[in-house]
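*Asks:* My structure is below; once you've seen it, I'll send some questions.
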Amino acid sequence: MKKLVSLILAAVMALAVMLPLAATAEEPVTISFFDKNSGVRTFTDPVAVELEKRTGVKIDLISPSGNPAEKLSLMLAGQNYPDIVLMDRGSDIVNQYIEAGALVNLSEYLDQMPNVVAMYGDTLNKTRYSDGNNYYLSNWYGYDPDPVSGFICRYDYMIELVGQERADSAEPFTWSEFKGLLQKFKETNPDATTPLVIGEPISGGINSMFAGMNRLYPFYVHDGKLEHSARDPQFMDAIHQMNELYREGLLDPEWTSNNQELRNQKLSNNGVFAYAGAYWDTWTPSAALLASQNENAEYLAYKVVNDGETDFALPLAGRSSLGWDAIAITTNCKNVEAAVKFIDYCASQEGQDLLLWGIEGQDWEFVDGVRTPIGDIVARYQADPANTVDQTGITKWTWFVKNDVHPDDGTTCRIWFNEKDRCATFAYRNLTDGYYDSAEFASLEPAGSTIEALQYQGVVDVFNQFYPRMVNAATVEDCDALYAEMMSSMESAGLESVESYISEAYFARLALWGLEPTSK
């Protein structure tokens with residue numbers, strides 16, 4: 001009897017010990033996550049809560065306060081990086097993390113990530129490091145069906161200048177026609193700030209709209225090698241167009257210093273006719289104008305082509321099918337298996353629908369087999385995108401995003417674009433043939449402290465010095481003289497050596513991928 005009682009007591013004590021462990025096992029695993037795009041957002045919205053419930057992972061979001069790139073470098077130097085990092089895929093910081101041994105080799109875990117393998121497909125082959133392994137997963141990968149850049153014009157002003165029928169037409173404007181609109185706007189609005197604003201900073205290339213109109217790519221593929229785009233015969237055509245606008249007072253004189261805040265301030269008043277860049281850059285100013293002015297006071301996308309152009313499929317914007325960001329698990333992660341399962345769920349179609357469409361039954365539902373938004377969710381977004389995203393969590397956390405449509409019903413990957421407002425309708429109608437895949441040109445530049453990298457930086461510095469000076473030149477002759485001086489300075493900085501390095505990397509990449517080079 002004593003032996004039996006002892007056994008019972010031992011069993012009870014063991015059960016008492018096991019119960020807290022069982023409860024602890026049901027607690028979510030905490031994974032720290034640095035997302036360079038997250039800002040000061042908190043991971044408490046409905047989508048975040050649902051994601052935690054489905055994956056058993058609680059995300060501890062590390063705020064990218066200040067300069068995210070600098071913070072990533074500091075974290076690497078101090079080896080105090082979190083479990084998961086989201087970085088700029090086109091930056092050398094990714095290679096720095098790989099070479100420092102800071103990232104987990106995901107190739108060893110692909111057998112545990114069936115959704116990643118199925119969704120990413122050949123992208124995994126194209127994002128391998130030189131040792132043949134995958135250390136990160138792309139974000140915003142795949143061929144993007146969405147439009148990007150155009151001349152984004154105030155619709156109410158456009159109606160005044162050309163009439164309702166032409167303002168609603170899908171026919172592109174020629175360069176001469178568009179320049180005439182800028183001149184007419186300036187004449188009829190003498191107090192206007194500027195007819196045309198461009199918001200892109202100087203970063204080794206010219207404004208995408210002027211480059212696209214003249215069929216300029218990131219590099220000039222010529223005579224079996226890659227050359228700087230400034231060697232392209234049509235490069236100066238683009239520069240001359242910008243210089244012409246500047247000399248005639250049609251281009252914002254502060255174009256070199258516009259940041260997002262200053263650009264939005266200018267576009268939100270009544271002194272601007274058009275913006276050259278991505279059509280989504282004008283969403284915030286359009287919302288302000290529609291609230292304060294009239295129902296047509298918003299920016300809509302138009303295509304402008306060079307005089308005599310017959311092929312309207314211009315390279316107006318390069319977007320890499322390999323994505324914008326790189327998401328990786330770091331070697332500091334103490335629960336790699338949990339991180340792998342979390343990533344595989346987020347990358348799955350179900351996970352993508354949660355992140356980009358919201359909660360099924362609450363934000364959307366299937367109607368006759370088609371994903372359909374519930375209630376006024378899309379209208380709320382179109383009226384107040386920032387607050388609606390924060391409140392609902394839909395598209396607040398854009399991780400492992402695949403640019404595609406749903407294969408089962410053809411709906412877009414993001415709920416907001418399933419019902420197009422006037423702004424999206426114009427952009428999709430006028431700009432969808434202006435996209436090209438820039439993946440083959442991405443991240444070819446030498447990096448680090450090599451001779452080629454120093455030469456490359458010297459070439460970029462020369463270009464960035466002369467580009468605004470050419471655009472702002474007082475005469476065409478001055479503009480051309482500056483171009484000749486720029487090319488000479490770039491040669492002295494080591495341009496040919498840099499081009500040889502980039503060409504070798506380019507053709508090695510194409511051989512690996514089995515592609516033919518782009519040619520003009």
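Numbering starts fresh at 1 for the residues of each chain in the structure tokens, the chains themselves are lettered A, B, ... in the order given, and ligands are numbered from 1 as they appear.
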Report as a ChimeraX atom specification all protein, DNA and RNA residues lying within 10 Å of Ile359 (chain A), evaluated on only C-alpha atoms, omitting residues in the same chain fewer than 6 positions from it.
*Replies:* /A:46-47,50-51,353,365,392-394
*Asks:* May I have the residues from that selection written out with N, CA and C atoms, as an mmCIF file, in the first residue's frame?
*Replies:*
data_model
loop_
_atom_site.group_PDB
_atom_site.id
_atom_site.type_symbol
_atom_site.label_atom_id
_atom_site.label_comp_id
_atom_site.auth_asym_id
_atom_site.auth_seq_id
_atom_site.Cartn_x
_atom_site.Cartn_y
_atom_site.Cartn_z
ATOM 1 N N PRO A 46 -5.191 44.356 -36.298
ATOM 2 C CA PRO A 46 -5.890 43.079 -36.461
ATOM 3 C C PRO A 46 -5.128 42.041 -37.276
ATOM 4 N N VAL A 47 -4.457 42.467 -38.347
ATOM 5 C CA VAL A 47 -3.693 41.515 -39.160
ATOM 6 C C VAL A 47 -2.522 40.956 -38.355
ATOM 7 N N GLU A 50 -3.828 38.407 -35.874
ATOM 8 C CA GLU A 50 -4.216 37.167 -36.554
ATOM 9 C C GLU A 50 -2.991 36.389 -37.013
ATOM 10 N N LEU A 51 -1.968 37.089 -37.476
ATOM 11 C CA LEU A 51 -0.745 36.420 -37.918
ATOM 12 C C LEU A 51 -0.080 35.707 -36.747
ATOM 13 N N ASP A 353 -2.449 36.471 -48.531
ATOM 14 C CA ASP A 353 -3.807 36.999 -48.493
ATOM 15 C C ASP A 353 -4.100 37.669 -47.151
ATOM 16 N N GLU A 365 -14.214 38.126 -48.738
ATOM 17 C CA GLU A 365 -14.842 36.818 -48.789
ATOM 18 C C GLU A 365 -14.840 36.321 -50.226
ATOM 19 N N THR A 392 -6.505 48.834 -40.038
ATOM 20 C CA THR A 392 -6.846 47.469 -40.440
ATOM 21 C C THR A 392 -5.648 46.535 -40.430
ATOM 22 N N GLY A 393 -4.458 47.075 -40.676
ATOM 23 C CA GLY A 393 -3.265 46.249 -40.804
ATOM 24 C C GLY A 393 -3.066 45.697 -42.198
ATOM 25 N N ILE A 394 -4.006 45.933 -43.091
ATOM 26 C CA ILE A 394 -3.901 45.405 -44.454
ATOM 27 C C ILE A 394 -2.829 46.178 -45.210
#
*Asks:* Which one is closest to Thr432 (chain A): A:Asp307, A:Ala317, A:Asp45, A:Met158? Count only C-alpha atoms.
*Replies:*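 Ranked by minimum distance to Thr432 (chain A), first place goes to A:Ala317.
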*Asks:* Among the residues of region 25-265 of chain A, find those DSSP assigns to helix (DSSP H, G or I) from the backbone and print them as a ChimeraX atom specification.
*Replies:* /A:25,46-55,68-78,93-99,106-112,114-120,123-126,155-162,164-167,175-188,208-213,229-231,235-247,255-257,260-265
*Asks:* Quick one: residues within 8 Å of region 476-484 of chain A, only C-alpha atoms counted, chain neighbours fewer than 4 positions away excluded, as a PyMOL selection string?
*Replies:* chain A and resi 240+243+466+469-471+488
*Asks:* Which residues come within 7 Å of Lys58 (chain A), counting only C-alpha atoms, excluding same-chain residues fewer than 6 positions away, as a list in words?
*Replies:* Pro28, Val29, Thr30, Ile31 and Glu52 of chain A
*Asks:* DSSP on the backbone: what in region 48-269 of chain A comes out strand (DSSP E or B), as a CSV table (one decimal) with N, CA and C atoms, in the first residue's frame?
*Replies:*
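Below is the file that was written, part-v8.csv:
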chain,number,residue,atom,x,y,z
A,57,VAL,N,3.9,32.8,-33.5
A,57,VAL,CA,5.1,33.7,-33.4
A,57,VAL,C,4.7,35.1,-33.1
A,58,LYS,N,5.3,35.7,-32.1
A,58,LYS,CA,5.0,37.1,-31.7
A,58,LYS,C,6.2,37.9,-32.2
A,59,ILE,N,5.9,38.9,-33.0
A,59,ILE,CA,7.0,39.7,-33.6
A,59,ILE,C,7.3,40.9,-32.7
A,60,ASP,N,8.6,40.9,-32.3
A,60,ASP,CA,9.2,42.1,-31.6
A,60,ASP,C,9.8,43.0,-32.6
A,61,LEU,N,9.1,44.0,-33.0
A,61,LEU,CA,9.5,44.9,-34.1
A,61,LEU,C,10.6,45.9,-33.6
A,62,ILE,N,11.7,45.9,-34.3
A,62,ILE,CA,12.8,46.7,-33.9
A,62,ILE,C,12.7,48.0,-34.8
A,84,ILE,N,15.6,38.5,-37.4
A,84,ILE,CA,15.3,38.7,-38.9
A,84,ILE,C,15.5,40.1,-39.2
A,85,VAL,N,16.1,40.3,-40.4
A,85,VAL,CA,16.4,41.7,-40.9
A,85,VAL,C,15.8,41.8,-42.3
A,86,LEU,N,15.2,43.0,-42.6
A,86,LEU,CA,14.8,43.3,-43.9
A,86,LEU,C,15.6,44.5,-44.4
A,87,MET,N,16.4,44.3,-45.5
A,87,MET,CA,17.3,45.3,-45.9
A,87,MET,C,17.0,45.7,-47.4
A,88,ASP,N,17.7,46.7,-47.9
A,88,ASP,CA,17.6,47.1,-49.3
A,88,ASP,C,18.4,46.0,-50.1
A,103,LEU,N,24.3,35.8,-41.6
A,103,LEU,CA,23.0,35.3,-42.1
A,103,LEU,C,23.0,33.8,-42.2
A,137,LEU,N,15.6,36.0,-48.8
A,137,LEU,CA,14.4,35.9,-49.7
A,137,LEU,C,14.0,37.3,-50.2
A,138,SER,N,13.7,37.4,-51.5
A,138,SER,CA,13.3,38.7,-52.0
A,138,SER,C,12.0,39.1,-51.5
A,139,ASN,N,11.8,40.4,-51.5
A,139,ASN,CA,10.5,41.0,-51.2
A,139,ASN,C,10.0,41.9,-52.3
A,141,TYR,N,8.9,40.5,-55.2
A,141,TYR,CA,9.6,39.8,-56.3
A,141,TYR,C,8.6,39.4,-57.4
A,149,SER,N,5.7,54.9,-63.6
A,149,SER,CA,6.0,56.3,-63.8
A,149,SER,C,5.3,56.8,-65.0
A,150,GLY,N,5.1,58.1,-64.9
A,150,GLY,CA,4.5,58.9,-66.0
A,150,GLY,C,4.6,60.3,-65.7
A,151,PHE,N,3.9,61.1,-66.6
A,151,PHE,CA,3.7,62.5,-66.2
A,151,PHE,C,2.4,62.6,-65.6
A,152,ILE,N,2.4,62.9,-64.3
A,152,ILE,CA,1.2,62.9,-63.5
A,152,ILE,C,0.6,64.3,-63.4
A,153,CYS,N,-0.5,64.6,-64.1
A,153,CYS,CA,-1.0,65.9,-64.3
A,153,CYS,C,-2.3,66.2,-63.5
A,154,ARG,N,-2.4,67.5,-63.0
A,154,ARG,CA,-3.7,67.9,-62.4
A,154,ARG,C,-4.8,67.8,-63.4
A,173,PHE,N,0.4,62.1,-75.3
A,173,PHE,CA,0.8,63.4,-75.7
A,173,PHE,C,2.2,63.3,-76.3
A,174,THR,N,2.4,64.1,-77.4
A,174,THR,CA,3.8,64.2,-77.9
A,174,THR,C,4.6,65.1,-77.0
A,194,THR,N,5.3,76.5,-60.2
A,194,THR,CA,6.1,75.9,-61.3
A,194,THR,C,5.2,75.0,-62.1
A,195,PRO,N,5.3,74.9,-63.4
A,195,PRO,CA,4.5,74.0,-64.1
A,195,PRO,C,4.8,72.5,-63.8
A,196,LEU,N,6.1,72.2,-63.7
A,196,LEU,CA,6.6,70.8,-63.6
A,196,LEU,C,7.5,70.6,-62.4
A,197,VAL,N,7.1,69.6,-61.6
A,197,VAL,CA,8.0,69.2,-60.4
A,197,VAL,C,8.5,67.8,-60.7
A,198,ILE,N,9.8,67.6,-60.4
A,198,ILE,CA,10.3,66.2,-60.3
A,198,ILE,C,10.9,66.0,-59.0
A,219,PHE,N,22.2,50.8,-68.1
A,219,PHE,CA,23.5,50.8,-68.8
A,219,PHE,C,23.2,50.7,-70.3
A,220,TYR,N,24.2,51.1,-71.1
A,220,TYR,CA,24.2,51.1,-72.5
A,220,TYR,C,24.8,49.8,-73.0
A,221,VAL,N,24.1,48.8,-73.5
A,221,VAL,CA,24.6,47.6,-74.0
A,221,VAL,C,25.1,47.8,-75.4
A,222,HIS,N,26.4,47.8,-75.6
A,222,HIS,CA,26.9,48.2,-76.9
A,222,HIS,C,28.2,47.5,-77.2
A,225,LYS,N,29.5,44.8,-74.7
A,225,LYS,CA,29.9,45.2,-73.3
A,225,LYS,C,28.8,46.2,-72.8
A,226,LEU,N,28.9,46.4,-71.4
A,226,LEU,CA,28.1,47.4,-70.8
A,226,LEU,C,28.8,48.7,-70.7
A,227,GLU,N,28.2,49.8,-71.1
A,227,GLU,CA,28.8,51.1,-70.9
A,227,GLU,C,27.9,52.0,-70.1
A,228,HIS,N,28.4,53.0,-69.6
A,228,HIS,CA,27.6,54.0,-68.8
A,228,HIS,C,26.6,54.6,-69.7
A,251,LEU,N,10.5,74.1,-65.5
A,251,LEU,CA,10.9,73.1,-64.5
A,251,LEU,C,11.2,73.7,-63.2
*Asks:* Residues of region 138-236 of chain A that have any atom at most 6 Å from an atom of region 403-420 of chain A: could you tabulate them with the shortest-distance atom pair and the distance in Å to one decimal, using only C-alpha atoms, ordered by chain and increasing number, as a tab-separated table?
*Replies:*
residue	atom	partner	partner_atom	distance
A:Trp140	CA	A:Asn403	CA	5.9
A:Tyr141	CA	A:Asn403	CA	5.8
A:Gly142	CA	A:Asn403	CA	5.1
A:Asp144	CA	A:Asn403	CA	5.0
*Asks:* So which one's closest to Pro172 (chain A), A:Trp399, A:Tyr436, A:Tyr302, A:Phe33? Using only C-alpha atoms, please.
*Replies:*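 Once distances to Pro172 (chain A) are computed over only C-alpha atoms, the minimum belongs to A:Tyr302.
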*Asks:* Show me, as a list of chain:residue names, the residues that have an atom within 10 Å of Thr127 (chain A) when counting only C-alpha atoms, minus same-chain residues fewer than 3 positions from it.
*Replies:* A:Arg89, A:Asp122, A:Thr123, A:Leu124, A:Ser130, A:Gly132, A:Asn133, A:Asn134, A:Tyr135, A:Tyr136, A:Leu137, A:Ser138, A:Leu322, A:Gly323, A:Ala326
*Asks:* What does the distance from CA of Gln455 (chain A) to CA of Val94 (chain A) come to in Å, to one decimal?
*Replies:* 21.2 Å
*Asks:* So which residues touch Phe185 (chain A) within 9 Å, counting only C-alpha atoms, skipping near sequence neighbours fewer than 5 positions away, as a list in words?
*Replies:*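 Near Phe185 (chain A), the qualifying residues are Tyr157, Leu161, Gly180, Pro190, Ala192, Pro195, Val272 and Phe273 of chain A.
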*Asks:* Restricting the calculation to only C-alpha atoms, which member of A:Asp384, A:Glu496, A:Asp146, A:Glu70 is positioned closest to Tyr279 (chain A)?
*Replies:*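 Closest candidate: A:Asp146.
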*Asks:* Need the shell around region 499-503 of chain A: protein/DNA/RNA residues with any atom at most 12 Å away, counting only C-alpha atoms. Skip same-chain ones fewer than 5 positions apart. Format as a PyMOL selection string?
*Replies:* chain A and resi 218-229+231+440-447+450-453+455-456+459+490-491+493-494+508-510+517
*Asks:* What is the distance between CA of Leu495 (chain A) and CA of Tyr129 (chain A), in Å to one decimal?
*Replies:*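 If I compute the distance from CA of Leu495 (chain A) to CA of Tyr129 (chain A), I get 26.3 Å.
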*Asks:* One decimal, Å: what's the distance from CA of Ile327 (chain A) over to CA of Gly205 (chain A), could you say?
*Replies:*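 Rounded to one decimal, the two atoms are 26.5 Å apart.
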*Asks:* Between A:Ser449, A:Ser32, A:Asn258, A:Thr310, which residue has the minimum interatomic distance to Ala339 (chain A), considering only C-alpha atoms?
*Replies:*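 Result for the nearest residue to Ala339 (chain A): A:Ser32.
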*Asks:* Pick out the closest residue to Asp92 (chain A) from this set: A:Thr282, A:Asp232, A:Pro68, A:Gly448. Count only C-alpha atoms.
*Replies:*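 Nearest to Asp92 (chain A): A:Gly448.
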*Asks:* So, with only C-alpha atoms as the atoms that count, which of A:Arg166, A:Lys126, A:Lys266, A:Lys402 lies closest to Gln349 (chain A)?
*Replies:*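 Of the candidates, the smallest distance to Gln349 (chain A) is held by A:Lys402.
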